[in-house]
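Shown here: entry39.txt, compact mmCIF, C-alpha atoms.
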```
# COMPACT_ATOMS: atom_id res chain seq x y z
CA MET A 1 100.90 118.93 89.71
CA LYS A 2 100.31 115.22 89.93
CA TYR A 3 101.84 112.91 92.51
CA ILE A 4 101.52 109.23 93.20
CA LEU A 5 101.53 108.13 96.83
CA LEU A 6 102.79 104.57 97.06
CA MET A 7 102.00 102.36 100.02
CA SER A 8 104.42 99.46 100.20
CA GLY A 9 104.66 96.69 102.71
CA THR A 10 106.54 93.56 103.62
CA LYS A 11 105.26 89.99 103.71
CA ALA A 12 105.44 90.10 107.51
CA GLY A 13 103.32 93.26 107.48
CA VAL A 14 100.67 91.69 105.27
CA ASP A 15 100.60 88.51 107.37
CA GLY A 16 100.19 90.71 110.45
CA TYR A 17 97.38 92.68 108.81
CA HIS A 18 95.41 89.48 108.18
CA LYS A 19 95.42 88.96 111.97
CA TRP A 20 93.93 92.40 112.77
CA SER A 21 90.53 92.31 114.49
CA GLN A 22 87.46 93.09 112.37
CA LYS A 23 87.01 96.29 114.38
CA ASP A 24 90.59 97.46 113.69
CA VAL A 25 90.26 96.72 109.96
CA GLU A 26 86.98 98.65 109.81
CA ALA A 27 88.47 101.65 111.63
CA HIS A 28 91.45 101.64 109.24
CA MET A 29 89.30 101.42 106.11
CA THR A 30 86.92 104.11 107.41
CA VAL A 31 89.79 106.58 107.72
CA LEU A 32 91.16 105.73 104.24
CA ARG A 33 87.69 106.10 102.73
CA SER A 34 87.14 109.46 104.44
CA ILE A 35 90.50 110.72 103.09
CA SER A 36 89.46 109.70 99.54
CA GLN A 37 86.07 111.41 99.97
CA GLU A 38 87.73 114.58 101.20
CA LEU A 39 90.14 114.59 98.25
CA SER A 40 87.20 114.13 95.86
CA LYS A 41 85.47 117.15 97.36
CA SER A 42 88.61 119.30 97.15
CA GLY A 43 89.12 118.23 93.52
CA GLU A 44 92.53 116.72 94.29
CA PHE A 45 91.53 113.08 93.84
CA VAL A 46 92.61 111.34 90.63
CA ALA A 47 92.66 107.62 91.42
CA THR A 48 93.31 105.03 94.07
CA GLN A 49 93.75 101.26 93.81
CA GLY A 50 94.64 98.45 96.10
CA LEU A 51 96.63 95.63 94.55
CA ALA A 52 95.80 91.97 94.99
CA ASP A 53 97.92 89.65 97.10
CA PRO A 54 101.56 89.42 95.95
CA ASN A 55 101.13 85.65 95.62
CA GLU A 56 99.19 86.45 92.45
CA ALA A 57 102.00 88.56 90.97
CA LYS A 58 103.94 87.45 87.90
CA CYS A 59 107.15 88.68 86.41
CA VAL A 60 107.27 88.95 82.63
CA ARG A 61 110.33 89.48 80.50
CA GLY A 62 110.25 89.57 76.71
CA GLU A 63 112.55 87.08 75.09
CA LYS A 64 114.26 87.59 71.78
CA SER A 65 111.35 85.69 70.24
CA GLY A 66 109.00 88.28 71.74
CA VAL A 67 107.22 85.53 73.67
CA PRO A 68 106.57 86.50 77.30
CA VAL A 69 108.07 84.37 80.02
CA THR A 70 106.10 84.26 83.25
CA ASP A 71 107.49 83.43 86.63
CA GLY A 72 105.11 81.91 89.11
CA ILE A 73 107.43 82.98 91.85
CA PHE A 74 107.41 86.55 93.07
CA PRO A 75 110.91 87.99 92.75
CA GLU A 76 112.86 88.32 95.98
CA SER A 77 112.19 91.77 97.33
CA LYS A 78 112.03 93.37 100.72
CA GLU A 79 108.92 95.36 99.94
CA PHE A 80 106.11 95.28 97.43
CA LEU A 81 103.36 97.66 96.44
CA LEU A 82 100.08 97.31 98.33
CA GLY A 83 98.23 100.21 96.79
CA TYR A 84 98.43 103.78 95.63
CA TRP A 85 96.70 107.16 95.42
CA ILE A 86 97.15 109.62 92.58
CA VAL A 87 96.50 113.22 93.60
CA ASP A 88 96.55 116.49 91.69
CA VAL A 89 97.68 119.19 94.11
CA ALA A 90 98.91 122.78 94.10
CA SER A 91 102.23 122.07 95.82
CA PRO A 92 104.52 119.23 96.88
CA ASP A 93 103.87 120.11 100.52
CA ARG A 94 100.19 119.34 100.02
CA ALA A 95 101.13 115.90 98.62
CA TYR A 96 103.31 115.26 101.69
CA ALA A 97 100.49 116.33 104.02
CA ILE A 98 98.07 113.90 102.35
CA ALA A 99 100.68 111.12 102.52
CA SER A 100 101.10 111.83 106.20
CA ARG A 101 97.38 111.48 106.83
CA ILE A 102 97.41 108.12 105.04
CA SER A 103 100.43 107.12 107.11
CA ALA A 104 98.55 108.05 110.28
CA ALA A 105 95.56 105.78 109.48
CA PRO A 106 94.80 103.67 112.54
CA GLY A 107 96.16 100.16 113.03
CA PRO A 108 95.53 97.62 115.78
CA GLY A 109 93.97 99.21 118.86
CA GLY A 110 93.54 102.48 116.94
CA VAL A 111 97.27 103.26 117.08
CA PRO A 112 98.48 105.01 113.88
CA THR A 113 100.33 102.59 111.61
CA ASN A 114 102.82 105.35 110.62
CA MET A 115 103.57 103.35 107.47
CA PRO A 116 106.12 105.01 105.20
CA ILE A 117 104.42 106.44 102.09
CA GLU A 118 106.58 107.10 99.04
CA VAL A 119 105.68 110.32 97.22
CA ARG A 120 106.67 110.50 93.56
CA GLY A 121 106.01 113.19 90.97
CA PHE A 122 104.96 112.29 87.44
CA ALA A 123 107.35 112.69 84.54
CA GLU A 124 105.62 115.71 83.00
CA HIS A 125 107.64 115.64 79.81
CA ARG A 126 106.42 112.14 79.12
CA GLN A 127 102.85 113.16 79.86
CA SER A 128 102.99 115.99 77.37
CA GLU A 129 104.25 113.63 74.68
CA ARG A 130 101.11 111.56 74.79
CA MET B 1 89.87 92.18 84.82
CA LYS B 2 92.33 94.89 85.69
CA TYR B 3 96.07 94.49 85.95
CA MET B 4 98.86 96.85 86.88
CA LEU B 5 102.07 96.43 84.89
CA MET B 6 105.03 97.88 86.77
CA MET B 7 108.31 98.80 85.20
CA ASN B 8 111.03 98.85 87.81
CA THR B 9 114.49 100.20 87.19
CA MET B 10 117.68 99.36 88.97
CA ARG B 11 118.87 102.15 91.21
CA ALA B 12 122.19 102.21 89.37
CA GLY B 13 120.45 103.40 86.22
CA ALA B 14 118.48 106.05 88.07
CA GLY B 15 119.38 109.06 85.94
CA VAL B 16 118.59 109.94 82.35
CA PRO B 17 119.79 106.95 80.32
CA ASP B 18 123.15 107.44 78.70
CA TRP B 19 121.67 106.62 75.30
CA SER B 20 121.99 108.35 71.98
CA GLN B 21 119.20 110.72 71.00
CA ARG B 22 118.20 108.28 68.27
CA ASP B 23 117.93 105.34 70.69
CA LEU B 24 115.87 107.42 73.14
CA GLN B 25 113.53 108.52 70.36
CA ALA B 26 113.07 104.93 69.17
CA HIS B 27 112.26 103.84 72.73
CA VAL B 28 109.74 106.62 73.33
CA ALA B 29 108.16 106.06 69.89
CA PHE B 30 107.73 102.36 70.73
CA MET B 31 105.99 103.17 74.03
CA MET B 32 103.74 105.78 72.43
CA ARG B 33 102.76 103.35 69.68
CA LEU B 34 101.96 100.64 72.22
CA ASN B 35 99.88 103.02 74.35
CA LYS B 36 97.97 104.19 71.29
CA GLU B 37 97.25 100.60 70.32
CA LEU B 38 96.04 99.70 73.85
CA HIS B 39 93.91 102.83 73.89
CA GLU B 40 92.33 101.88 70.56
CA SER B 41 91.62 98.31 71.73
CA GLY B 42 89.94 99.77 74.82
CA GLU B 43 92.37 98.01 77.15
CA LEU B 44 94.31 101.01 78.47
CA ALA B 45 93.01 102.45 81.74
CA SER B 46 96.04 104.62 82.43
CA ALA B 47 99.78 104.82 81.94
CA GLU B 48 102.22 107.12 83.66
CA GLY B 49 105.93 107.60 83.88
CA LEU B 50 107.32 108.74 87.21
CA SER B 51 109.95 111.40 87.73
CA PHE B 52 113.46 110.38 88.73
CA PRO B 53 113.96 109.01 92.24
CA ASP B 54 116.08 111.96 93.36
CA GLN B 55 112.76 113.82 93.53
CA ALA B 56 111.07 111.13 95.61
CA LYS B 57 110.20 111.72 99.26
CA LEU B 58 109.29 109.33 101.98
CA VAL B 59 106.56 110.53 104.31
CA ARG B 60 105.71 108.97 107.63
CA ALA B 61 103.34 110.51 110.11
CA GLY B 62 105.04 111.20 113.44
CA SER B 63 103.36 110.60 116.76
CA ASP B 64 102.18 114.23 116.66
CA GLY B 65 100.48 113.57 113.31
CA LEU B 66 102.83 115.93 111.44
CA PRO B 67 104.49 114.75 108.24
CA VAL B 68 108.14 113.85 108.36
CA THR B 69 109.85 113.98 104.99
CA ASP B 70 113.13 112.40 104.15
CA GLY B 71 115.12 114.08 101.45
CA VAL B 72 117.04 110.88 100.95
CA PHE B 73 115.45 108.07 99.04
CA PRO B 74 115.50 104.89 101.14
CA GLU B 75 117.98 102.22 100.26
CA SER B 76 116.35 99.98 97.73
CA LYS B 77 117.54 97.88 94.87
CA GLU B 78 114.78 98.92 92.51
CA PHE B 79 112.28 101.71 92.13
CA LEU B 80 109.16 102.24 90.09
CA ALA B 81 109.85 104.02 86.78
CA GLY B 82 106.35 103.84 85.39
CA PHE B 83 103.18 101.78 85.19
CA TRP B 84 100.23 100.82 83.04
CA ILE B 85 96.75 99.88 84.24
CA ILE B 86 95.06 97.69 81.69
CA ASP B 87 91.64 96.08 81.54
CA VAL B 88 91.86 92.77 79.71
CA ASP B 89 89.85 89.57 79.20
CA ALA B 90 92.47 87.14 80.48
CA PRO B 91 95.69 87.09 82.50
CA GLU B 92 97.50 85.74 79.42
CA ARG B 93 96.65 88.95 77.58
CA ALA B 94 98.19 90.96 80.46
CA TYR B 95 101.35 88.84 80.25
CA ALA B 96 101.51 89.29 76.48
CA ILE B 97 101.30 93.08 76.82
CA ALA B 98 103.95 93.01 79.56
CA GLY B 99 106.13 90.94 77.22
CA ARG B 100 105.83 93.60 74.53
CA ILE B 101 106.72 96.37 76.99
CA SER B 102 109.69 94.33 78.17
CA ALA B 103 110.92 94.06 74.59
CA ALA B 104 110.96 97.86 74.07
CA PRO B 105 114.12 98.87 72.22
CA GLY B 106 117.20 100.10 74.07
CA PRO B 107 120.63 101.18 72.82
CA GLY B 108 121.19 100.16 69.21
CA GLY B 109 117.58 99.01 68.96
CA ALA B 110 118.26 95.84 70.99
CA PRO B 111 115.28 94.80 73.16
CA LEU B 112 115.77 95.82 76.79
CA ASN B 113 114.01 92.71 78.13
CA MET B 114 113.28 94.55 81.38
CA PRO B 115 111.35 92.53 83.95
CA ILE B 116 107.76 93.78 84.15
CA GLU B 117 105.78 92.97 87.27
CA VAL B 118 102.16 92.04 86.59
CA ARG B 119 99.74 92.45 89.49
CA PRO B 120 95.95 92.04 89.54
CA VAL B 121 94.16 95.15 90.78
CA MET B 122 91.52 94.64 93.47
CA SER B 123 88.20 95.53 91.85
CA ALA B 124 86.83 96.24 95.30
CA PRO B 125 88.24 95.98 98.80
CA PRO B 126 88.05 92.39 100.07
CA ARG B 127 84.87 91.70 102.01
CA GLU B 128 86.72 91.57 105.32
CA MET B 129 87.87 95.16 104.81
CA LEU B 130 84.36 96.62 104.51
```
Mind turning this structure into structure tokens?
Amino acid sequence: MKYILLMSGTKAGVDGYHKWSQKDVEAHMTVLRSISQELSKSGEFVATQGLADPNEAKCVRGEKSGVPVTDGIFPESKEFLLGYWIVDVASPDRAYAIASRISAAPGPGGVPTNMPIEVRGFAEHRQSER
Amino acid sequence: MKYMLMMNTMRAGAGVPDWSQRDLQAHVAFMMRLNKELHESGELASAEGLSFPDQAKLVRAGSDGLPVTDGVFPESKEFLAGFWIIDVDAPERAYAIAGRISAAPGPGGAPLNMPIEVRPVMSAPPREML
């Protein structure tokens, strides 16, 4: 069964991240890379992506004319998506365990960030329709 | 260049839409047609619908490294209902596709005009993260 693990953050969190030391950033990325490698080996890895800075986000809404309207301003929201992992696992518990490892990736000074990771199943009925 | 198009739904409309069978079928047919078209143009990288938020979990590693799962979805105004990853030549093309998704038909065939968030995907981690 497929799950998406969503890593969201706040503007304050992203601003803080940009102030991490090079060493802390490297340690963090090393752990995330090793998790992805492990998932590839176990056959559970489907995809992972990091999203670009929220300053580059646009909001589009179709008008009656069908012409898209773009907002240069990011809509007011407490949190936004930073990146995600899609995994194909045998049980929900396995998805939670992987999310926990991502959550425990090291932050400044090697202390786990313990970021909340949202775990969402895929809508299987919609998958089977495609 | 890759973009992620995110369809967020208000929490109030979290369950199966209270639409007629005919309206639901028209909506799904629209989405399937769009996905087929994007697949044929070579622009569709992936598209997934997520299951309803009552099945979502929030995982945060505790200080002991063990996963902590919350049965209750955190208070949030909006949640991700589904997404598309597209690979297009220009941002304007991404906005145009988002505009079409936004205009998918709702009850009575009227366009929903849902806001679609358009975010560039990082092709590689920024240099400072490696």
May I ask you to extract the residues of chain B within 7 Å of chain A, using all atoms listed in the file, and to give them as a PyMOL selection string?
chain B and resi 32+48-51+55-62+65-67+95-96+98-100+102-103+113-122+129-130
Just the selected residues (C-alpha atoms), exported as a PDB file, in the frame of the given file, please.
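Just written: result17.pdb:
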```
ATOM      1  CA  MET B  32     103.740 105.780  72.430  1.00  0.00           C
ATOM      2  CA  GLU B  48     102.220 107.120  83.660  1.00  0.00           C
ATOM      3  CA  GLY B  49     105.930 107.600  83.880  1.00  0.00           C
ATOM      4  CA  LEU B  50     107.320 108.740  87.210  1.00  0.00           C
ATOM      5  CA  SER B  51     109.950 111.400  87.730  1.00  0.00           C
ATOM      6  CA  GLN B  55     112.760 113.820  93.530  1.00  0.00           C
ATOM      7  CA  ALA B  56     111.070 111.130  95.610  1.00  0.00           C
ATOM      8  CA  LYS B  57     110.200 111.720  99.260  1.00  0.00           C
ATOM      9  CA  LEU B  58     109.290 109.330 101.980  1.00  0.00           C
ATOM     10  CA  VAL B  59     106.560 110.530 104.310  1.00  0.00           C
ATOM     11  CA  ARG B  60     105.710 108.970 107.630  1.00  0.00           C
ATOM     12  CA  ALA B  61     103.340 110.510 110.110  1.00  0.00           C
ATOM     13  CA  GLY B  62     105.040 111.200 113.440  1.00  0.00           C
ATOM     14  CA  GLY B  65     100.480 113.570 113.310  1.00  0.00           C
ATOM     15  CA  LEU B  66     102.830 115.930 111.440  1.00  0.00           C
ATOM     16  CA  PRO B  67     104.490 114.750 108.240  1.00  0.00           C
ATOM     17  CA  TYR B  95     101.350  88.840  80.250  1.00  0.00           C
ATOM     18  CA  ALA B  96     101.510  89.290  76.480  1.00  0.00           C
ATOM     19  CA  ALA B  98     103.950  93.010  79.560  1.00  0.00           C
ATOM     20  CA  GLY B  99     106.130  90.940  77.220  1.00  0.00           C
ATOM     21  CA  ARG B 100     105.830  93.600  74.530  1.00  0.00           C
ATOM     22  CA  SER B 102     109.690  94.330  78.170  1.00  0.00           C
ATOM     23  CA  ALA B 103     110.920  94.060  74.590  1.00  0.00           C
ATOM     24  CA  ASN B 113     114.010  92.710  78.130  1.00  0.00           C
ATOM     25  CA  MET B 114     113.280  94.550  81.380  1.00  0.00           C
ATOM     26  CA  PRO B 115     111.350  92.530  83.950  1.00  0.00           C
ATOM     27  CA  ILE B 116     107.760  93.780  84.150  1.00  0.00           C
ATOM     28  CA  GLU B 117     105.780  92.970  87.270  1.00  0.00           C
ATOM     29  CA  VAL B 118     102.160  92.040  86.590  1.00  0.00           C
ATOM     30  CA  ARG B 119      99.740  92.450  89.490  1.00  0.00           C
ATOM     31  CA  PRO B 120      95.950  92.040  89.540  1.00  0.00           C
ATOM     32  CA  VAL B 121      94.160  95.150  90.780  1.00  0.00           C
ATOM     33  CA  MET B 122      91.520  94.640  93.470  1.00  0.00           C
ATOM     34  CA  MET B 129      87.870  95.160 104.810  1.00  0.00           C
ATOM     35  CA  LEU B 130      84.360  96.620 104.510  1.00  0.00           C
TER      36      LEU B 130
END
```
Kindly give the distance, in Å, that separates atom CA of Ala45 of chain B and atom CA of Met4 of chain B, rounded to a single decimal.
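It comes out at 9.6 Å.
Here atom CA of Leu39 of chain A stands at a distance of 24.3 Å from atom CA of Tyr3 of chain B.
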To one decimal in Å, tell me the separation between atom CA of Gln37 of chain A and atom CA of Met6 of chain B.
26.8 Å
For Phe45 of chain A: contacts at 9 Å, only C-alpha atoms, fewer than 6 positions along chain excluded, given as a list in words
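My reading of the contact set: Ser36, Gln37, Glu38, Leu39, Trp85, Ile86, Val87, Asp88 and Val89 of chain A.
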Around the point (98.8, 97.0, 74.8) in the file's coordinates, collect all residues with an atom within 9 Å, using all atoms listed in the file, and return them as a list of chain:residue names.
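Output: B:Leu34, B:Asn35, B:Lys36, B:Glu37, B:Leu38, B:His39, B:Ser41, B:Glu43, B:Leu44, B:Ile86, B:Arg93, B:Ala94, B:Ala96, B:Ile97, B:Ala98, B:Arg100, B:Ile101.
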Given only C-alpha atoms as the basis, pick out the residue of A:Gly110, A:Arg94, A:Glu44, A:Phe80 nearest to Asn8 of chain B.
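Nearest to Asn8 of chain B: A:Phe80.
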Calculated over all atoms listed in the file, which of the candidates B:Pro53, B:Leu5, B:Gly42, B:Met31 has the smallest distance to Val88 of chain B?
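Ranked by minimum distance to Val88 of chain B, first place goes to B:Gly42.
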